[in-house]
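First comes the structure, then the notes that go with it.
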Amino acid sequence: MKADPRGVLTGVYYIDGDVAAGYGALAAGCKFVAGYPITPSTEAFEAICHRGPQVGAVFIQMEDELGSISAIIGATWSGVKTMTITSGPGYSLMQECIGFGAMLETPFVLLNIQRGGPSTGVPTKTGQADMMQSRWGSHGDYELIAIAPESPQEMFDYTIKAFNLAEKYRCPIMIMSDECVGHMTEKVVIPEADKIEVEPRRLYTGPAEDYLPFKPEPDLVPKMAKAGDGLKLYITGQTHDERGYPVKDAEYKSKYGRRLVDKIRLNKDKIIELKEEGTDNADVIVVSYGISSRVAIKGVELAREKGIKVGTLRLVTVWPFPDEKMSELAKKAKAFVVPEINYGQVVYDVARCAHGRANVVLVPHGGAGVHNPNDIADAIEMAAKEDKKIEGLIEFKTRLEKSVFEGGFKLKE
Amino acid sequence: MAEIRFAGYGGQGIIRSGIIAGRAASIYDNKHATMSQSFGPEARGGACSSQLVVSESKVLYPYITNSDILVAMSQAGYDKFEPEMSEQGMLLYDEDLVKPKQLRGNITAYAIPATRFAEELGNKIVANVVMLGFFTAITEVVSHDAMKKALPESVPEKAVELNLKAFDRGYNFGLEAAKKQGDSKKN
Amino acid sequence: MNSIIDALDKGIEMAGIARKRISVPSDIPFDPDAVKTLGVDYFQIPRGRAIAFGTGLKLGNPDLKVIPVAGDLMTLGGNHFVHGSRRNMELLVICVNNFVYKNIGGKPAPFTQAVFSPYSTFEEPFNFPHLGNSCGAVYTARWTALHAEELAASIAEALNKRGLSMIEVLAPGPNYYRSIDGIESELLQFYFNNSVVKNNEDPRNVAITPDEKIAVGKFTDKERPTFIDSYNVQHSKMLGDKFTPHGSPPKVEKLGGKNG
């Protein structure tokens, strides 16, 4: 289906990533945004408040993030496409209802502009330390999709993709951006509406009495419904059967709970998006996502100048994780180098898939800034020279860490 | 490719300068321009800066490693960002607000009383735009025409005329300064 | 709960609103069969989020009538209630005050009455109608579950109010008390016998205390612009033709029964 021209602000803009994501949501047909402003995601919410009412999208500033995410889930069930926007502590508050959204198989998009943490952290500067929270943040077993854009244009494009994935798989989608991309200003081209594909809601159209809100279609995703259509919906956050009625026994918990994870796991190949470059003959492969993949490019260039064979694998979608791809690369390459703005998160999944065949080097960063590309280059060089298989994670000592605490804390006897 | 740093203090329109130049370069000169800002408490009165990377091809790495151009509108901004300058770089500064030290390497310096000119035009708030005119004339990173197109859509409607005047003032002063510099090099 | 479902059933009928237009988000688990009988859409949401979820339902489709039935209203949902009332979001909030959360071992809730906790309680309960009224709710009332007719009439009346209405219902949850023989009906009867109808009483005076009879009745009935009204007025003013008002214009529906 083509996008509704009303929400598409066709033109060429010089805007930041936050605003681009807001425009992307409107282009995707988002009609309801609830949020609570928080740095550095505020500009995205402002863009919606500014342009939303002109294109038929409603916004509300809720009392908190718990309310914001509850409201968008409610609005999705009333039949519209929805999004919420947050960062840092707000993202923590939303975890309760991310699980609720997953349990109710509710399509919605959550834009998280990551900042330095934990707690208030460094509100105005960047971080990538919410990645595992996006994967495991709410209690219980569920799967969702996380996307990490690296430029304002991608914030626009991938916000639309996020809405499409949400409808396709009936699950919450996390846009795991960060302050750098959110506050980076670049040219953003918004095409004509007829150039934008949007996924319509998979609404049930049969007789009301036959409707089962959680009966899977062949791709394991059930047809969606909306309130007000006389379907007498019974929708609950309790583990439920196909009718939506609560179940408690282990066999049912297993049967109905399993589908929540399998509808993503078994559709993984269709969901995962990667950008791979020069991995065929590479000794070292740099695995990165979001802003770190842009910063890594410089490090890769520097390493290539030294004659090292380096490839790059960019995780456009970080979750679900590309296990098979990574395992396959681990058979060919000597090592993976993983720069991320945290003290080790996605790198553990890389290590899991390396199966000890390739070394895994973490280039950490504590946040409030991005990597020095020279560190990434040095880590690549170190990894290329290492001929032994090293058990466990290798942590590269960055210039920053060496300069501030002489290469790491040590316990005193 | 050019790496440009605009530095000053909060309220001088330092971030806006980066946006206007970036918009001119990317939309009207069809180049690629990435603007990043230093944001937060620093933006309220204290040191403030924006960085702009302009390139003929897609900007891969979006940040400054060695700035080719430093536009300094405050002493603190100059002190903080002078060390990151390339030895072949250009320094543009407000001569009433910044006292540069001995120039390193082949750095060339261009001075303009931007804030004073802005005051003469009636509002010192356009000092950054005077500086942008100066910047356009001296560095030629962004074309004059592109800047003239980007300016009106980057400022409030009622301030367009004043901003264009401010731009011209800085631009003309810049042409003179560039000519002088060229002459002195010839000699 | 059955008495509340019965009252909803009757109230909706009296209000003359098509049942398919009604959505009930609740943190209290309803029986699926009861929901089918009511003919509404039902959502069991995380504790305390009924009003926030209902806000989304209403703004997503303004033609819906949303009735959040809240058990954890003033604890987890306290801020949602305060702000929902302030915004005058079009919701009918049924606050089920069961005094004791017996299902979690009889621990006192914020509005627990002394005699129903194993070792008594020492905290002051909330005065819901007073709170709702102060925050801007256009309709507040309180009934015990045994005031079946008054409660149904109140629901009918509140359903046709424009804005946030709040009805507090004193009702021990049957699922929780069933294990204790007779206590449910005993408690219901206790509330009923110890209540006194005080329609139009100043909500400041209707706090539930151990020493006085429980005031029941309708306490607030006023008019204020709703959230959607204000949203439309403000954006029309600022954007003119560029803005299409949200939702269909207000229409007067068949009025329900009157109380008192």
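Residues are referred to by chain and number: the chain letter is A, B, ... according to the order shown in the structure tokens, the number counts from 1 in that chain, and ligands are numbered separately from 1 in the order shown.
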Check: Which neighbours of Leu159 in chain C fall inside 12 Å, counting only C-alpha atoms, when residues of the same chain fewer than 4 positions from it are skipped, and could you give them as JSON, numbers by chain?
Finding: {"C": [8, 10, 11, 12, 13, 14, 15, 16, 17, 18, 21, 22, 64, 65, 66, 67, 68, 90, 91, 92, 93, 94, 138, 139, 140, 152, 153, 154, 155, 163, 164, 165, 166, 167, 252, 253, 254, 255, 256, 257]}
Would you save the residues from that selection as a short mmCIF file (atom, residue, chain, number, x, y, z; two decimals), in the first residue's frame, using N, CA, C and O atoms?
data_model
loop_
_atom_site.label_atom_id
_atom_site.label_comp_id
_atom_site.auth_asym_id
_atom_site.auth_seq_id
_atom_site.Cartn_x
_atom_site.Cartn_y
_atom_site.Cartn_z
N LEU C 8 -23.14 -2.26 35.41
CA LEU C 8 -22.69 -1.77 34.10
C LEU C 8 -23.72 -2.13 33.03
O LEU C 8 -24.09 -1.31 32.20
N LYS C 10 -26.90 -2.74 33.32
CA LYS C 10 -28.11 -1.93 33.44
C LYS C 10 -27.85 -0.48 33.05
O LYS C 10 -28.63 0.14 32.33
N GLY C 11 -26.73 0.04 33.52
CA GLY C 11 -26.39 1.45 33.26
C GLY C 11 -26.23 1.72 31.77
O GLY C 11 -26.72 2.73 31.25
N ILE C 12 -25.55 0.80 31.07
CA ILE C 12 -25.34 0.98 29.63
C ILE C 12 -26.69 0.96 28.90
O ILE C 12 -26.97 1.77 28.02
N GLU C 13 -27.55 0.03 29.35
CA GLU C 13 -28.89 -0.07 28.76
C GLU C 13 -29.65 1.25 28.94
O GLU C 13 -30.22 1.79 27.99
N MET C 14 -29.61 1.74 30.18
CA MET C 14 -30.34 2.99 30.48
C MET C 14 -29.77 4.17 29.72
O MET C 14 -30.51 5.09 29.33
N ALA C 15 -28.46 4.17 29.50
CA ALA C 15 -27.84 5.29 28.81
C ALA C 15 -28.16 5.28 27.32
O ALA C 15 -27.99 6.29 26.64
N GLY C 16 -28.59 4.13 26.82
CA GLY C 16 -28.98 4.04 25.41
C GLY C 16 -27.79 4.11 24.46
O GLY C 16 -27.90 4.65 23.36
N ILE C 17 -26.67 3.59 24.88
CA ILE C 17 -25.48 3.62 24.03
C ILE C 17 -25.24 2.23 23.45
O ILE C 17 -25.33 1.23 24.17
N ALA C 18 -24.96 2.18 22.14
CA ALA C 18 -24.69 0.90 21.49
C ALA C 18 -23.52 0.22 22.19
O ALA C 18 -22.49 0.84 22.42
N ARG C 21 -19.89 0.22 21.01
CA ARG C 21 -19.09 1.44 21.15
C ARG C 21 -18.34 1.49 22.48
O ARG C 21 -17.55 2.41 22.72
N ILE C 22 -18.64 0.53 23.35
CA ILE C 22 -18.08 0.63 24.70
C ILE C 22 -16.85 -0.25 24.88
O ILE C 22 -16.86 -1.42 24.51
N LEU C 64 -15.59 6.07 20.58
CA LEU C 64 -15.74 5.05 21.62
C LEU C 64 -16.18 5.69 22.93
O LEU C 64 -15.87 6.84 23.22
N LYS C 65 -16.91 4.90 23.73
CA LYS C 65 -17.19 5.27 25.12
C LYS C 65 -16.30 4.38 25.97
O LYS C 65 -16.38 3.15 25.86
N VAL C 66 -15.45 4.98 26.77
CA VAL C 66 -14.47 4.18 27.47
C VAL C 66 -14.74 4.20 28.98
O VAL C 66 -14.92 5.26 29.57
N ILE C 67 -14.81 3.01 29.55
CA ILE C 67 -15.12 2.88 30.98
C ILE C 67 -13.98 2.14 31.68
O ILE C 67 -13.99 0.92 31.79
N PRO C 68 -12.95 2.88 32.12
CA PRO C 68 -11.91 2.20 32.89
C PRO C 68 -12.47 1.74 34.23
O PRO C 68 -13.05 2.54 34.98
N GLU C 90 -12.51 12.26 28.29
CA GLU C 90 -13.85 11.65 28.34
C GLU C 90 -13.79 10.17 28.69
O GLU C 90 -13.67 9.31 27.83
N LEU C 91 -13.84 9.90 29.97
CA LEU C 91 -13.79 8.54 30.48
C LEU C 91 -14.76 8.44 31.65
O LEU C 91 -14.95 9.41 32.38
N LEU C 92 -15.37 7.27 31.79
CA LEU C 92 -16.13 7.01 33.02
C LEU C 92 -15.30 6.04 33.84
O LEU C 92 -15.16 4.87 33.50
N VAL C 93 -14.72 6.57 34.92
CA VAL C 93 -13.85 5.74 35.75
C VAL C 93 -14.67 5.11 36.87
O VAL C 93 -15.28 5.82 37.67
N ILE C 94 -14.71 3.78 36.86
CA ILE C 94 -15.35 3.08 37.98
C ILE C 94 -14.22 2.65 38.90
O ILE C 94 -13.36 1.85 38.52
N VAL C 138 -15.80 16.01 36.16
CA VAL C 138 -17.09 16.71 36.04
C VAL C 138 -18.20 15.98 36.79
O VAL C 138 -19.30 16.51 36.97
N TYR C 139 -17.90 14.76 37.21
CA TYR C 139 -18.95 13.98 37.88
C TYR C 139 -18.28 13.07 38.90
O TYR C 139 -17.36 12.34 38.54
N THR C 140 -18.70 13.14 40.14
CA THR C 140 -18.21 12.16 41.11
C THR C 140 -19.39 11.61 41.90
O THR C 140 -20.36 12.33 42.18
N ALA C 152 -26.50 1.77 38.95
CA ALA C 152 -26.79 1.67 37.51
C ALA C 152 -27.24 3.03 36.97
O ALA C 152 -26.80 3.45 35.89
N ALA C 153 -28.05 3.71 37.72
CA ALA C 153 -28.54 5.02 37.26
C ALA C 153 -27.39 6.02 37.17
O ALA C 153 -27.31 6.84 36.26
N SER C 154 -26.49 5.92 38.14
CA SER C 154 -25.33 6.79 38.15
C SER C 154 -24.46 6.53 36.92
O SER C 154 -23.98 7.46 36.27
N ILE C 155 -24.27 5.26 36.61
CA ILE C 155 -23.47 4.90 35.43
C ILE C 155 -24.12 5.47 34.17
O ILE C 155 -23.45 6.07 33.32
N GLY C 163 -16.70 14.45 29.66
CA GLY C 163 -15.54 14.68 30.49
C GLY C 163 -15.27 13.49 31.38
O GLY C 163 -15.85 12.42 31.19
N LEU C 164 -14.41 13.67 32.35
CA LEU C 164 -14.09 12.54 33.23
C LEU C 164 -15.08 12.44 34.38
O LEU C 164 -15.25 13.36 35.17
N SER C 165 -15.74 11.30 34.42
CA SER C 165 -16.65 11.00 35.53
C SER C 165 -16.03 9.92 36.37
O SER C 165 -15.32 9.06 35.86
N MET C 166 -16.32 9.97 37.67
CA MET C 166 -15.73 8.97 38.55
C MET C 166 -16.80 8.45 39.50
O MET C 166 -17.48 9.25 40.16
N ILE C 167 -16.96 7.15 39.51
CA ILE C 167 -17.89 6.56 40.48
C ILE C 167 -17.11 5.58 41.34
O ILE C 167 -16.50 4.63 40.84
N VAL C 252 -25.84 15.39 21.74
CA VAL C 252 -26.54 15.02 22.97
C VAL C 252 -27.16 13.64 22.78
O VAL C 252 -27.86 13.38 21.81
N GLU C 253 -26.83 12.75 23.69
CA GLU C 253 -27.43 11.41 23.61
C GLU C 253 -28.57 11.33 24.62
O GLU C 253 -28.74 12.19 25.47
N LYS C 254 -29.30 10.28 24.48
CA LYS C 254 -30.43 10.05 25.39
C LYS C 254 -29.92 10.06 26.84
O LYS C 254 -28.96 9.37 27.17
N LEU C 255 -30.54 10.86 27.63
CA LEU C 255 -30.07 10.97 29.01
C LEU C 255 -30.54 9.79 29.83
O LEU C 255 -31.64 9.28 29.65
N GLY C 256 -29.71 9.37 30.74
CA GLY C 256 -30.06 8.24 31.60
C GLY C 256 -30.91 8.69 32.77
O GLY C 256 -31.35 9.83 32.85
N GLY C 257 -31.12 7.78 33.70
CA GLY C 257 -31.95 8.06 34.87
C GLY C 257 -31.30 9.08 35.78
O GLY C 257 -30.12 9.36 35.67
#
Given only C-alpha atoms, how would the per-residue table for chain A near chain B read, listing every residue at most 10 Å away with its closest atom pair and distance in Å to one decimal, sorted by chain and number, as a tab-separated table?
residue	atom	partner	partner_atom	distance
A:Val12	CA	B:Ile27	CA	7.2
A:Tyr13	CA	B:Ile27	CA	7.6
A:Tyr14	CA	B:Arg23	CA	5.5
A:Ile15	CA	B:Ile19	CA	8.5
A:Asp16	CA	B:Met35	CA	8.6
A:Thr39	CA	B:Gly40	CA	8.9
A:Pro40	CA	B:Gly40	CA	9.2
A:Val122	CA	B:Gly40	CA	9.9
A:Pro123	CA	B:Gly40	CA	8.2
A:Thr124	CA	B:Gly40	CA	5.5
A:Lys125	CA	B:Phe39	CA	7.8
A:Ser151	CA	B:Thr34	CA	9.4
A:Pro152	CA	B:Thr34	CA	9.7
A:Glu179	CA	B:Phe39	CA	10.0
A:Cys180	CA	B:Ser36	CA	7.6
A:Val181	CA	B:Ser36	CA	8.8
A:Gly182	CA	B:Ser36	CA	9.7
A:His183	CA	B:Ser36	CA	6.5
A:Met184	CA	B:Ser36	CA	4.8
A:Thr185	CA	B:Met35	CA	4.9
A:Glu186	CA	B:Thr34	CA	5.0
A:Lys187	CA	B:Ser26	CA	6.2
A:Val188	CA	B:Ile27	CA	9.4
A:Val189	CA	B:Ile27	CA	9.9
A:Ile291	CA	B:Pro62	CA	9.3
A:Ser292	CA	B:Tyr61	CA	9.8
A:Ser293	CA	B:Tyr61	CA	9.2
A:Arg294	CA	B:Tyr61	CA	5.6
A:Val295	CA	B:Tyr61	CA	5.5
A:Ala296	CA	B:Tyr61	CA	8.0
A:Ile297	CA	B:Tyr61	CA	6.6
A:Lys298	CA	B:Tyr61	CA	6.0
A:Gly299	CA	B:Tyr61	CA	9.4
A:Val370	CA	B:Tyr63	CA	9.4
A:Asn372	CA	B:Thr65	CA	9.2
A:Pro373	CA	B:Tyr61	CA	9.1
Export of prior selection with C-alpha atoms as a CSV table (one decimal), in the first residue's frame:
chain,number,residue,atom,x,y,z
A,12,VAL,CA,14.3,18.4,0.9
A,13,TYR,CA,15.1,19.3,4.5
A,14,TYR,CA,18.1,20.1,6.6
A,15,ILE,CA,17.0,18.6,9.9
A,16,ASP,CA,18.3,16.5,12.8
A,39,THR,CA,16.4,15.0,26.4
A,40,PRO,CA,17.7,14.1,23.9
A,122,VAL,CA,24.6,12.2,31.1
A,123,PRO,CA,21.3,13.5,29.7
A,124,THR,CA,22.7,15.6,26.9
A,125,LYS,CA,25.3,13.2,25.5
A,151,SER,CA,21.9,9.2,10.0
A,152,PRO,CA,18.9,11.6,9.9
A,179,GLU,CA,21.9,11.3,21.0
A,180,CYS,CA,24.5,11.6,18.2
A,181,VAL,CA,22.2,10.6,15.5
A,182,GLY,CA,19.2,12.3,17.1
A,183,HIS,CA,21.0,15.6,17.2
A,184,MET,CA,22.9,15.2,14.0
A,185,THR,CA,21.7,17.6,11.2
A,186,GLU,CA,21.9,16.5,7.6
A,187,LYS,CA,20.0,16.6,4.4
A,188,VAL,CA,16.9,14.5,4.5
A,189,VAL,CA,14.9,13.8,1.3
A,291,ILE,CA,26.4,5.8,15.3
A,292,SER,CA,29.3,3.5,16.1
A,293,SER,CA,29.1,2.0,12.6
A,294,ARG,CA,29.8,5.5,11.2
A,295,VAL,CA,32.6,6.2,13.6
A,296,ALA,CA,34.1,2.7,12.8
A,297,ILE,CA,34.4,3.5,9.1
A,298,LYS,CA,37.2,5.9,9.9
A,299,GLY,CA,39.0,3.2,12.0
A,370,VAL,CA,32.0,8.5,20.5
A,372,ASN,CA,38.3,7.7,18.8
A,373,PRO,CA,38.7,6.1,15.4
Checklist line | Backbone DSSP call of strand (DSSP E or B) for range 51-253 of chain A, listed as a ChimeraX atom specification | finding: /A:58-61,81-86,108-116,122-126,145-147,172-178,184-190,197,203,216,222,224,234-236,240,246
Check: Hey, which of B:Gln12, B:Gln102, B:Thr136, B:Ser67 ends up closest to Ser86 in chain B? Count only C-alpha atoms.
Finding: B:Ser67
Next item on the list: Write down, as a ChimeraX atom specification, each residue of chain C that has any atom within 8 Å of an atom of chain A, counting only C-alpha atoms.
Entry: /C:19-23,32,35-36,39-46,49,52-61,64,79-80,83,235,239,242-244,246
All residues 10 Å or closer to Lys2 in chain A, only C-alpha atoms, same chain fewer than 4 positions away omitted, as a CSV table (one decimal) with N, CA, C and O atoms, in the first residue's frame:
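Dumped everything to result.csv:
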chain,number,residue,atom,x,y,z
A,28,ALA,N,4.5,7.4,7.7
A,28,ALA,CA,4.1,6.0,7.8
A,28,ALA,C,2.7,5.8,8.1
A,28,ALA,O,2.1,4.8,8.2
A,192,GLU,N,7.9,11.6,-2.7
A,192,GLU,CA,6.5,11.7,-2.9
A,192,GLU,C,5.8,10.5,-2.2
A,192,GLU,O,6.4,9.4,-2.0
A,193,ALA,N,4.6,10.7,-1.8
A,193,ALA,CA,3.9,9.6,-1.1
A,193,ALA,C,3.8,8.3,-1.8
A,193,ALA,O,3.9,7.2,-1.3
A,194,ASP,N,3.7,8.4,-3.2
A,194,ASP,CA,3.5,7.2,-3.9
A,194,ASP,C,4.9,6.4,-4.1
A,194,ASP,O,4.9,5.4,-4.7
A,195,LYS,N,5.9,7.0,-3.5
A,195,LYS,CA,7.2,6.3,-3.5
A,195,LYS,C,7.4,5.6,-2.1
A,195,LYS,O,8.4,5.0,-1.9
A,196,ILE,N,6.5,5.8,-1.2
A,196,ILE,CA,6.6,5.2,0.1
A,196,ILE,C,5.6,4.1,0.3
A,196,ILE,O,4.4,4.2,0.2
A,197,GLU,N,6.2,2.9,0.6
A,197,GLU,CA,5.4,1.7,0.8
A,197,GLU,C,5.0,1.7,2.3
A,197,GLU,O,5.9,1.8,3.2
A,198,VAL,N,3.7,1.5,2.6
A,198,VAL,CA,3.4,1.3,4.0
A,198,VAL,C,2.5,0.1,4.2
A,198,VAL,O,1.8,-0.3,3.3
A,199,GLU,N,2.7,-0.6,5.3
A,199,GLU,CA,2.1,-1.9,5.5
A,199,GLU,C,0.7,-1.6,6.2
A,199,GLU,O,0.7,-0.9,7.3
A,200,PRO,N,-0.4,-2.0,5.6
A,200,PRO,CA,-1.7,-1.7,6.3
A,200,PRO,C,-1.9,-2.7,7.5
A,200,PRO,O,-1.2,-3.7,7.5
All residues 8 Å or closer to Glu273 in chain A, only C-alpha atoms, same chain fewer than 3 positions away omitted, as a PDB file with N, CA, C and O atoms, in the first residue's frame:
ATOM      1  N   LEU A 315      24.948  -3.985  11.812  1.00  0.00           N
ATOM      2  CA  LEU A 315      23.653  -4.532  12.209  1.00  0.00           C
ATOM      3  C   LEU A 315      22.622  -3.410  12.103  1.00  0.00           C
ATOM      4  O   LEU A 315      22.527  -2.574  12.991  1.00  0.00           O
ATOM      5  N   VAL A 316      21.904  -3.385  11.004  1.00  0.00           N
ATOM      6  CA  VAL A 316      20.840  -2.375  10.888  1.00  0.00           C
ATOM      7  C   VAL A 316      19.720  -2.772  11.855  1.00  0.00           C
ATOM      8  O   VAL A 316      19.226  -1.957  12.627  1.00  0.00           O
ATOM      9  N   THR A 317      19.347  -4.051  11.807  1.00  0.00           N
ATOM     10  CA  THR A 317      18.499  -4.589  12.874  1.00  0.00           C
ATOM     11  C   THR A 317      19.443  -5.279  13.852  1.00  0.00           C
ATOM     12  O   THR A 317      20.261  -6.095  13.447  1.00  0.00           O
TER      13      THR A 317
END
Item checked: All residues 12 Å or closer to Met131 in chain B, only C-alpha atoms, same chain fewer than 2 positions away omitted, as JSON, numbers by chain -> {"B": [6, 7, 8, 12, 13, 14, 16, 17, 18, 20, 21, 70, 71, 72, 73, 91, 92, 93, 94, 95, 110, 111, 112, 113, 114, 115, 116, 117, 118, 124, 125, 126, 127, 128, 129, 133, 134, 135, 136, 137, 138, 139, 163, 165, 166, 167, 168, 169, 170, 171, 172, 173, 174]}
Margin query: Applying 12 Å and only C-alpha atoms, which residues near His355 in chain A remain after dropping the ones on its own chain fewer than 5 positions away? List them as a VMD selection string.
Written below: chain A and resid 323 to 324 326 to 331 335 to 336 348 to 350 360 389 to 393
Next item on the list: Looking only at alpha helix (DSSP H) from DSSP on the backbone, list the matching residues of chain B as a VMD selection string.
Entry: chain B and resid 14 to 23 75 to 81 114 to 121 127 to 139 144 to 150 160 to 186
